[in-house]
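Single-structure report; data block below.
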Amino acid sequence: MNNNNDNTDFNIHWYPGHMAKTRRMIEENLKLVDVLAEITDARIPEAGRNPVLNEIAQNKPRILLLNKCDYADSSITKSWIDYYAKNGLTAVACDARSGRGLKNIVPLLEKTAGPRKYAGAVRVMVAGIPNAGKSSFINRIAGGRKTAVGDRPGVTRGKQWIAVGKTIELLDLPGILPPKLDNRETALMLAYTGAVRDEVMDSVALAYSLAGFLKEHHPEKLNERYKLISMNSDILISVAKVRGMVVKGGNPDIERAASALLDEFRGGKIGKITIQSPV
């Protein structure tokens, strides 16, 4: 991601105490599973991965699910799949809500598990950062709504086992973010896509930052969605005016405009946009 127009004073303030608990839970349960199914957002494949998983699960057979691929640029997603293949990791583009790309996921999990010392179902740990789509993935391949689903981080609260027929058992754990978000670019990408709760940041500053990225890299999509008069104008004021978002006195409601921009980007309504490309 490169946003040369972003001079926003943007910080994430949070205390990830429950993340340490989740890390311990992952470490304790890794020995119980045959495969790790790591889920990341296809728009930020590498930024959307937690390096902690590589530290504690480096020897576990793994597949990487590039979820929400319907919101991402398909050509860049293909580049990511090739990139991971060259580095010895099988990556699959999918959209858990629609089921796209998941038709052959059960045989792939069985193949990835390889030879085992015991008979029975292949046990799979489903892991990833908050809001990556873990619950949607589980519900899709389990054939029903087995776990809570939401468009906000932190929906999964504890450990859950879910059976998929007689051949697969899934272990769902809460999402886990790195204990520190020192890299500004990574923090922004996570925040743009909703991996970090909006409550721990300045959402207006975040929306201005996202608007700057879209203005620089996808001005046509930004204009098509919001019918902007000029790209040189204040984007959030323009969005507020176009949408009729006003506060008392007739002034533009910047906070509502910020929420609209963030929500519509996260939901893919602005277009198929990938923020991070392979190096």
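By order in the structure tokens, chains are A, B, ...; within a chain, residues start at 1; ligands start at 1, following the order shown.
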Out of range 97-259 of chain A, which residues get strand (DSSP E) from DSSP, as a list in words?
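Selection result, strand (DSSP E) within range 97-259 of chain A: Val122, Arg123, Val124, Met125, Val126, Ala127, Gly128, Gln160, Trp161, Ile162, Ala163, Val164, Ile168, Glu169, Leu170, Leu171 and Asp172 of chain A.
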Neighbour list for Ala72 in chain A as a PyMOL selection string, cut-off 10 Å, only C-alpha atoms, skip fewer than 4 positions in-chain:
chain A and resi 41-44+66-68+76-77+93+268+271-275
Residues from last step as file, N, CA, C and O atoms, as a PDB file, in the first residue's frame:
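As written to disk, part_16.pdb reads:
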```pdb
ATOM      1  N   ASP A  41      -7.797 -11.845   4.922  1.00  0.00           N
ATOM      2  CA  ASP A  41      -8.601 -11.035   4.015  1.00  0.00           C
ATOM      3  C   ASP A  41      -7.861 -10.903   2.687  1.00  0.00           C
ATOM      4  O   ASP A  41      -6.711 -10.461   2.657  1.00  0.00           O
ATOM      5  N   ALA A  42      -8.499 -11.288   1.577  1.00  0.00           N
ATOM      6  CA  ALA A  42      -7.857 -11.266   0.261  1.00  0.00           C
ATOM      7  C   ALA A  42      -7.407  -9.873  -0.154  1.00  0.00           C
ATOM      8  O   ALA A  42      -6.558  -9.730  -1.034  1.00  0.00           O
ATOM      9  N   ARG A  43      -7.932  -8.842   0.482  1.00  0.00           N
ATOM     10  CA  ARG A  43      -7.533  -7.473   0.136  1.00  0.00           C
ATOM     11  C   ARG A  43      -6.220  -7.076   0.796  1.00  0.00           C
ATOM     12  O   ARG A  43      -5.540  -6.170   0.330  1.00  0.00           O
ATOM     13  N   ILE A  44      -5.874  -7.777   1.894  1.00  0.00           N
ATOM     14  CA  ILE A  44      -4.627  -7.492   2.613  1.00  0.00           C
ATOM     15  C   ILE A  44      -3.999  -8.828   3.054  1.00  0.00           C
ATOM     16  O   ILE A  44      -3.798  -9.050   4.250  1.00  0.00           O
ATOM     17  N   LEU A  66      -7.707 -17.158   1.262  1.00  0.00           N
ATOM     18  CA  LEU A  66      -7.805 -15.734   0.942  1.00  0.00           C
ATOM     19  C   LEU A  66      -9.283 -15.392   0.843  1.00  0.00           C
ATOM     20  O   LEU A  66      -9.894 -15.409  -0.231  1.00  0.00           O
ATOM     21  N   ASN A  67      -9.875 -15.099   1.986  1.00  0.00           N
ATOM     22  CA  ASN A  67     -11.318 -14.898   2.073  1.00  0.00           C
ATOM     23  C   ASN A  67     -11.725 -13.500   1.593  1.00  0.00           C
ATOM     24  O   ASN A  67     -10.901 -12.613   1.455  1.00  0.00           O
ATOM     25  N   LYS A  68     -13.015 -13.344   1.343  1.00  0.00           N
ATOM     26  CA  LYS A  68     -13.588 -12.096   0.832  1.00  0.00           C
ATOM     27  C   LYS A  68     -12.996 -11.761  -0.533  1.00  0.00           C
ATOM     28  O   LYS A  68     -12.812 -10.591  -0.877  1.00  0.00           O
ATOM     29  N   ILE A  76      -4.860  -9.532  -8.787  1.00  0.00           N
ATOM     30  CA  ILE A  76      -3.887  -9.437  -7.700  1.00  0.00           C
ATOM     31  C   ILE A  76      -4.012 -10.650  -6.782  1.00  0.00           C
ATOM     32  O   ILE A  76      -3.003 -11.160  -6.281  1.00  0.00           O
ATOM     33  N   THR A  77      -5.222 -11.141  -6.592  1.00  0.00           N
ATOM     34  CA  THR A  77      -5.403 -12.360  -5.800  1.00  0.00           C
ATOM     35  C   THR A  77      -4.654 -13.520  -6.435  1.00  0.00           C
ATOM     36  O   THR A  77      -3.998 -14.313  -5.747  1.00  0.00           O
ATOM     37  N   ALA A  93      -8.314 -18.876  -3.030  1.00  0.00           N
ATOM     38  CA  ALA A  93      -9.202 -17.718  -3.043  1.00  0.00           C
ATOM     39  C   ALA A  93     -10.614 -18.197  -2.765  1.00  0.00           C
ATOM     40  O   ALA A  93     -11.097 -19.155  -3.374  1.00  0.00           O
ATOM     41  N   GLY A 268     -17.411  -3.995   0.186  1.00  0.00           N
ATOM     42  CA  GLY A 268     -17.157  -4.161  -1.247  1.00  0.00           C
ATOM     43  C   GLY A 268     -18.029  -3.324  -2.152  1.00  0.00           C
ATOM     44  O   GLY A 268     -18.051  -3.531  -3.371  1.00  0.00           O
ATOM     45  N   GLY A 271     -16.179  -1.123  -4.821  1.00  0.00           N
ATOM     46  CA  GLY A 271     -15.590  -1.854  -5.943  1.00  0.00           C
ATOM     47  C   GLY A 271     -14.646  -2.940  -5.453  1.00  0.00           C
ATOM     48  O   GLY A 271     -14.394  -3.090  -4.254  1.00  0.00           O
ATOM     49  N   LYS A 272     -14.132  -3.721  -6.391  1.00  0.00           N
ATOM     50  CA  LYS A 272     -13.184  -4.789  -6.066  1.00  0.00           C
ATOM     51  C   LYS A 272     -11.799  -4.165  -5.932  1.00  0.00           C
ATOM     52  O   LYS A 272     -11.142  -3.880  -6.932  1.00  0.00           O
ATOM     53  N   ILE A 273     -11.390  -3.942  -4.703  1.00  0.00           N
ATOM     54  CA  ILE A 273     -10.164  -3.191  -4.435  1.00  0.00           C
ATOM     55  C   ILE A 273      -9.236  -3.988  -3.514  1.00  0.00           C
ATOM     56  O   ILE A 273      -9.640  -4.367  -2.413  1.00  0.00           O
ATOM     57  N   THR A 274      -8.028  -4.247  -3.968  1.00  0.00           N
ATOM     58  CA  THR A 274      -6.997  -4.879  -3.141  1.00  0.00           C
ATOM     59  C   THR A 274      -6.024  -3.803  -2.682  1.00  0.00           C
ATOM     60  O   THR A 274      -5.534  -3.006  -3.495  1.00  0.00           O
ATOM     61  N   ILE A 275      -5.737  -3.778  -1.405  1.00  0.00           N
ATOM     62  CA  ILE A 275      -4.869  -2.745  -0.845  1.00  0.00           C
ATOM     63  C   ILE A 275      -3.398  -3.149  -0.917  1.00  0.00           C
ATOM     64  O   ILE A 275      -2.525  -2.317  -1.129  1.00  0.00           O
TER      65      ILE A 275
END
```
Between A:Arg100, A:Tyr71, A:Val35, A:Leu171, which is the closest to Thr112 in chain A once you count only C-alpha atoms?
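Looking at the shortest contact to Thr112 in chain A, the residue is A:Val35.
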Please identify which residues in range 49-150 of chain A DSSP calls helix (DSSP H, G or I) from the backbone, and express them as a PyMOL selection string.
chain A and resi 51-56+69-71+74-86+105-113+134-142
Per-residue nearest contacts range 29-145 of chain A to range 191-197 of chain A, cut-off 8 Å, using only C-alpha atoms, as a Markdown table:
```
| residue | atom | partner | partner_atom | distance |
| --- | --- | --- | --- | --- |
| A:Ile129 | CA | A:Ala195 | CA | 6.8 |
| A:Pro130 | CA | A:Ala195 | CA | 5.3 |
| A:Asn131 | CA | A:Ala195 | CA | 5.3 |
| A:Ala132 | CA | A:Ala195 | CA | 7.1 |
```
Of the listed residues A:Ala91, A:Ile235, A:Ala163, A:Ala205, that which approaches Leu108 in chain A most closely, counting only C-alpha atoms
A:Ala91
